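Below is one structure; the comments refer to it alone.
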Amino acid sequence: MKGLDLLGPEMTEQPHPYWAQLRREQPVCWDGSQTAWLITRYEDVRTGLTEPQLFSSNRIAPLLEKLAPARRAKLEPILSIMRDWMVVTDPPAHTRLRTLANAAFRGQRIAAMKNWIAELVDGLLDEFVRSGNTDFMAGVAYPLPATVIARMLGAPQEDRDRFQRWSDELALVAFGAGGEAREERHERALRGVTELQEYLRELIATLRKSPGDDMISFLLGQQERLDDDELLSLCTLILFAGHETTTNLLCNSLVCLTQHPDQLEELRADPSLVPNAVEEVLRYEGPIKILVRWVTEDVELHGQRIRSGDRVYLVLQSANRDERVFDDPETFDIRRPTQPVHLGFGRGPHTCLGAQLARLEVRIALPRILERLPGLRLAGDVTWKSSVATRVVEGLQVDYDSRREPAPAR
Ligand code: HEM
């Protein structure tokens, strides 16, 4: 079977026919250009996510070991910062970090943030409409999660633009950017992370002196503590993991709905369908496309021998459209039952820690967007970004019925 370049235009624009063919003919397939096995069926992806002793998340150290010296020297500074992230550790180290982080999330009483998030969304939409801006991604989908994370971490909300920039730069490496950004992605990410870490160090010092009701203050006040480096690492991960993904879920929701106008109208007429619609976007165009694991012992799967030390790509984008699991999987249907559950937030020990928050943000934002932007439609074609791990649009220009031209500058 002809292999396709995961970063090439075909796999960026229309990946689904290829995934369907792999699921049918070669559910475990070696991709030489990525040096990874592509695992595409739902059951196998789920196994990969739920058996950390066989499919390890500890992926930065083995990657560094495999690199030629010159490349290693280039990548080591940024990768060694990411090496401590909870998401790239295995139990038992992961279990300890996860337990502490879970408690901090619970301490934030996410559900109680509902009114504040609703006001934030209304404010962003007011400004979006008033300014005549048409770039939904920049005007609404970017600042919303950045502001939420700034508040959660106890940072001043005016700093959200800086949060956005840092998380963008980190995403270039963590999500494997393609296109023009690929060449210089490590330098840019390192610059961003260095600035971010300086900022967080100061923030932690401030909150240690005068704690608030934020996550950092909560973690500083616990008896079982993260040390300063671990705290820094968790905050960096949360900023990065919670920002672009949520931006993309909002944008992908608008893409799916505007491409299915009958369902958009149905949703506008019956907002009780919103939670279901959000789950369907996570299944149909979920922001995370691929999760990476390293195999710890030889294993045979669908006739292929995967060797200890090999890398596997668990293709959520394919698993979520597996015809063995979902009826009529290529159809976008906001009324689809939420069982079986999609894998858009992962599964197993690393299941997304921010899933409740991400769902809350998008469930609050969607009906408000549809109400404030009547006749919502895309202004132009959708261009997907070339990226190994994420499903993300290049930008999202929208139009709607009552859009006024911006007031002339005085
Ligand atoms: C729609 C938005 C989001 C999507 C699609 C998403 C997706 C995911 C996925 C697939 C994983 C599993 C990674 C793995 O198994 O290797 C994950 C982990 C994680 N997510 Fe999310 N995420 C979203 C939003 C958020 C938010 C808002 C936060 C925090 C504010 C967050 C924090 C995390 C953290 C800390 C982990 C690592 C958990 C661990 O290693 O135990 N995510 N996310």
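Ordering of the structure tokens sets the chain letters (A, B, ...); residue numbers start at 1 within each chain; ligands are numbered from 1 in the order shown.
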
Give me every helix (DSSP H, G or I) residue in range 124-216 of chain A, going by DSSP on the backbone, as a VMD selection string.
-> chain A and resid 124 to 131 136 to 141 143 to 153 157 to 174 179 to 182 185 to 209 215 to 216

Identify, on the basis of only C-alpha atoms, every residue whose closest approach to Leu170 in chain A does not exceed 8 Å; exclude the query and any residue fewer than 4 positions from it along the same chain; express the result as a VMD selection string.
-> chain A and resid 166 174 188 to 190 192 to 193 240

Identify which of the residues A:Pro340, A:Leu220, A:Thr236, A:Asp262 lies closest to Leu207 in chain A, counting only C-alpha atoms when measuring atom-to-atom distances.
-> A:Leu220

When you look at range 372-382 of chain A with a cut-off of 9 Å (counting only C-alpha atoms), what residues show up, excluding the ones that are within fewer than 4 positions of it in the same chain? I need them as a PDB file with N, CA, C and O atoms, in the first residue's frame.
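Written output follows (around30.pdb):
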```
ATOM      1  N   ASP A 122     -19.314  36.714  26.511  1.00  0.00           N
ATOM      2  CA  ASP A 122     -20.139  37.844  26.064  1.00  0.00           C
ATOM      3  C   ASP A 122     -19.268  39.056  25.761  1.00  0.00           C
ATOM      4  O   ASP A 122     -19.466  39.741  24.754  1.00  0.00           O
ATOM      5  N   LEU A 125     -17.436  38.516  22.504  1.00  0.00           N
ATOM      6  CA  LEU A 125     -18.330  38.617  21.345  1.00  0.00           C
ATOM      7  C   LEU A 125     -18.755  40.067  21.106  1.00  0.00           C
ATOM      8  O   LEU A 125     -18.836  40.524  19.965  1.00  0.00           O
ATOM      9  N   ASP A 126     -18.996  40.811  22.193  1.00  0.00           N
ATOM     10  CA  ASP A 126     -19.335  42.242  22.052  1.00  0.00           C
ATOM     11  C   ASP A 126     -18.242  42.944  21.272  1.00  0.00           C
ATOM     12  O   ASP A 126     -18.494  43.682  20.325  1.00  0.00           O
ATOM     13  N   VAL A 129     -18.047  41.871  17.557  1.00  0.00           N
ATOM     14  CA  VAL A 129     -19.090  42.469  16.713  1.00  0.00           C
ATOM     15  C   VAL A 129     -18.831  43.968  16.560  1.00  0.00           C
ATOM     16  O   VAL A 129     -18.888  44.519  15.461  1.00  0.00           O
ATOM     17  N   THR A 134     -13.436  40.001  11.482  1.00  0.00           N
ATOM     18  CA  THR A 134     -14.024  38.784  10.907  1.00  0.00           C
ATOM     19  C   THR A 134     -13.192  37.547  11.245  1.00  0.00           C
ATOM     20  O   THR A 134     -13.549  36.439  10.885  1.00  0.00           O
ATOM     21  N   LEU A 254     -17.116  25.354  14.672  1.00  0.00           N
ATOM     22  CA  LEU A 254     -17.713  26.257  13.680  1.00  0.00           C
ATOM     23  C   LEU A 254     -17.564  25.712  12.263  1.00  0.00           C
ATOM     24  O   LEU A 254     -18.459  25.844  11.435  1.00  0.00           O
ATOM     25  N   VAL A 255     -16.412  25.082  11.998  1.00  0.00           N
ATOM     26  CA  VAL A 255     -16.212  24.488  10.669  1.00  0.00           C
ATOM     27  C   VAL A 255     -17.268  23.406  10.433  1.00  0.00           C
ATOM     28  O   VAL A 255     -17.980  23.408   9.422  1.00  0.00           O
ATOM     29  N   THR A 258     -20.891  24.980  10.169  1.00  0.00           N
ATOM     30  CA  THR A 258     -21.175  25.774   8.962  1.00  0.00           C
ATOM     31  C   THR A 258     -21.152  24.877   7.720  1.00  0.00           C
ATOM     32  O   THR A 258     -21.803  25.175   6.730  1.00  0.00           O
ATOM     33  N   GLN A 259     -20.409  23.776   7.795  1.00  0.00           N
ATOM     34  CA  GLN A 259     -20.422  22.855   6.652  1.00  0.00           C
ATOM     35  C   GLN A 259     -21.667  21.965   6.662  1.00  0.00           C
ATOM     36  O   GLN A 259     -21.920  21.235   5.714  1.00  0.00           O
ATOM     37  N   PRO A 261     -25.176  23.119   7.438  1.00  0.00           N
ATOM     38  CA  PRO A 261     -26.057  24.215   7.878  1.00  0.00           C
ATOM     39  C   PRO A 261     -27.374  23.744   8.468  1.00  0.00           C
ATOM     40  O   PRO A 261     -27.922  24.411   9.350  1.00  0.00           O
ATOM     41  N   PRO A 367     -23.655  28.291  22.102  1.00  0.00           N
ATOM     42  CA  PRO A 367     -24.971  28.909  21.913  1.00  0.00           C
ATOM     43  C   PRO A 367     -24.898  30.431  21.859  1.00  0.00           C
ATOM     44  O   PRO A 367     -25.648  31.078  21.126  1.00  0.00           O
ATOM     45  N   ARG A 368     -23.949  31.018  22.607  1.00  0.00           N
ATOM     46  CA  ARG A 368     -23.808  32.479  22.594  1.00  0.00           C
ATOM     47  C   ARG A 368     -23.315  32.951  21.227  1.00  0.00           C
ATOM     48  O   ARG A 368     -23.737  33.968  20.715  1.00  0.00           O
ATOM     49  N   VAL A 393      -7.197  24.642  12.009  1.00  0.00           N
ATOM     50  CA  VAL A 393      -7.327  25.466  10.805  1.00  0.00           C
ATOM     51  C   VAL A 393      -6.305  26.599  10.838  1.00  0.00           C
ATOM     52  O   VAL A 393      -5.852  27.010  11.906  1.00  0.00           O
ATOM     53  N   GLU A 394      -5.976  27.108   9.653  1.00  0.00           N
ATOM     54  CA  GLU A 394      -4.973  28.177   9.544  1.00  0.00           C
ATOM     55  C   GLU A 394      -5.475  29.493  10.122  1.00  0.00           C
ATOM     56  O   GLU A 394      -4.737  30.388  10.435  1.00  0.00           O
ATOM     57  N   GLY A 395      -6.764  29.638  10.207  1.00  0.00           N
ATOM     58  CA  GLY A 395      -7.401  30.873  10.666  1.00  0.00           C
ATOM     59  C   GLY A 395      -8.862  30.681  10.344  1.00  0.00           C
ATOM     60  O   GLY A 395      -9.201  29.727   9.632  1.00  0.00           O
ATOM     61  N   LEU A 396      -9.735  31.506  10.875  1.00  0.00           N
ATOM     62  CA  LEU A 396     -11.149  31.254  10.590  1.00  0.00           C
ATOM     63  C   LEU A 396     -11.875  32.583  10.369  1.00  0.00           C
ATOM     64  O   LEU A 396     -12.267  33.253  11.324  1.00  0.00           O
ATOM     65  N   GLN A 397     -12.001  32.939   9.094  1.00  0.00           N
ATOM     66  CA  GLN A 397     -12.728  34.155   8.744  1.00  0.00           C
ATOM     67  C   GLN A 397     -14.205  33.823   8.666  1.00  0.00           C
ATOM     68  O   GLN A 397     -14.593  32.873   7.999  1.00  0.00           O
ATOM     69  N   VAL A 398     -15.020  34.600   9.360  1.00  0.00           N
ATOM     70  CA  VAL A 398     -16.458  34.328   9.328  1.00  0.00           C
ATOM     71  C   VAL A 398     -17.238  35.563   8.865  1.00  0.00           C
ATOM     72  O   VAL A 398     -16.719  36.686   8.876  1.00  0.00           O
ATOM     73  N   ASP A 399     -18.450  35.314   8.481  1.00  0.00           N
ATOM     74  CA  ASP A 399     -19.361  36.392   8.130  1.00  0.00           C
ATOM     75  C   ASP A 399     -20.705  36.079   8.810  1.00  0.00           C
ATOM     76  O   ASP A 399     -20.956  34.917   9.148  1.00  0.00           O
ATOM     77  N   TYR A 400     -21.525  37.093   9.004  1.00  0.00           N
ATOM     78  CA  TYR A 400     -22.851  36.852   9.586  1.00  0.00           C
ATOM     79  C   TYR A 400     -23.756  37.989   9.174  1.00  0.00           C
ATOM     80  O   TYR A 400     -23.297  39.023   8.664  1.00  0.00           O
ATOM     81  N   ASP A 401     -25.058  37.853   9.422  1.00  0.00           N
ATOM     82  CA  ASP A 401     -26.029  38.741   8.776  1.00  0.00           C
ATOM     83  C   ASP A 401     -25.913  40.206   9.155  1.00  0.00           C
ATOM     84  O   ASP A 401     -25.930  41.061   8.297  1.00  0.00           O
ATOM     85  N   SER A 402     -25.770  40.476  10.439  1.00  0.00           N
ATOM     86  CA  SER A 402     -25.843  41.889  10.818  1.00  0.00           C
ATOM     87  C   SER A 402     -24.464  42.511  10.985  1.00  0.00           C
ATOM     88  O   SER A 402     -24.321  43.489  11.698  1.00  0.00           O
ATOM     89  N   ARG A 403     -23.469  41.919  10.332  1.00  0.00           N
ATOM     90  CA  ARG A 403     -22.117  42.444  10.529  1.00  0.00           C
ATOM     91  C   ARG A 403     -22.031  43.858   9.973  1.00  0.00           C
ATOM     92  O   ARG A 403     -22.380  44.114   8.834  1.00  0.00           O
TER      93      ARG A 403
END
```

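Distances here use only C-alpha atoms and all ligand atoms; by that measure, the residue among A:Val392, A:Ala358, A:Leu54, A:Leu6 closest to ligand 1 is A:Ala358.
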
For each of A:Ala205, A:Ser272, A:Leu219, A:Arg283, take the minimum atom-to-atom distance to Pro329 in chain A, counting only C-alpha atoms, then give the residue where this is smallest.
->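 Ranking A:Ala205, A:Ser272, A:Leu219, A:Arg283 by distance to Pro329 in chain A, first place goes to A:Arg283.
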
From A:Glu230, A:Val274, A:Phe326, A:Leu153, residue lying nearest Ala104 in chain A [only C-alpha atoms] |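 Using only C-alpha atoms, Ala104 in chain A sits closest to A:Leu153.
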
Smallest atom-to-atom distance to ligand 1: which of A:Glu371, A:Glu244, A:Asp322, A:Glu198, using only C-alpha atoms and all ligand atoms?
-> A:Glu244

Can you check which parts of range 241-307 of chain A lie within 12 Å of range 349-354 of chain A? Per residue, the shortest pair of atoms and distance in Å to one decimal, counting only C-alpha atoms, sorted by chain and number, as a Markdown table.
```
| residue | atom | partner | partner_atom | distance |
| --- | --- | --- | --- | --- |
| A:Ala241 | CA | A:Gly354 | CA | 8.3 |
| A:Gly242 | CA | A:Gly354 | CA | 6.7 |
| A:His243 | CA | A:Gly354 | CA | 10.2 |
| A:Thr245 | CA | A:Gly354 | CA | 10.2 |
| A:Thr246 | CA | A:Gly354 | CA | 9.7 |
| A:Ile288 | CA | A:Cys352 | CA | 10.9 |
| A:Leu291 | CA | A:His350 | CA | 10.7 |
| A:Val292 | CA | A:His350 | CA | 12.0 |
| A:Arg293 | CA | A:His350 | CA | 11.7 |
```

Spatial neighbours of Thr89 in chain A, 10 Å, only C-alpha atoms, chain gap at least 6 places, as a ChimeraX atom specification | /A:52,56-60,83,95,97,350

Distance query Arg151 in chain A at most 12 Å, only C-alpha atoms, self and fewer than 4 positions along chain excluded, as a PyMOL selection string = chain A and resi 108+110+113+116-117+120+144-147+155-160+163+212-217+239

Which residues of range 289-396 of chain A have any atom within 9 Å of an atom in range 23-27 of chain A when counting only C-alpha atoms, and what is the closest pair of atoms for each, with the distance in Å to one decimal? Order the rows by chain and rising number and write it as a Markdown table.
```
| residue | atom | partner | partner_atom | distance |
| --- | --- | --- | --- | --- |
| A:Leu301 | CA | A:Pro27 | CA | 8.8 |
| A:His302 | CA | A:Pro27 | CA | 7.1 |
| A:Ser318 | CA | A:Arg23 | CA | 7.9 |
| A:Ala319 | CA | A:Arg23 | CA | 8.6 |
| A:Asp322 | CA | A:Arg23 | CA | 7.6 |
```
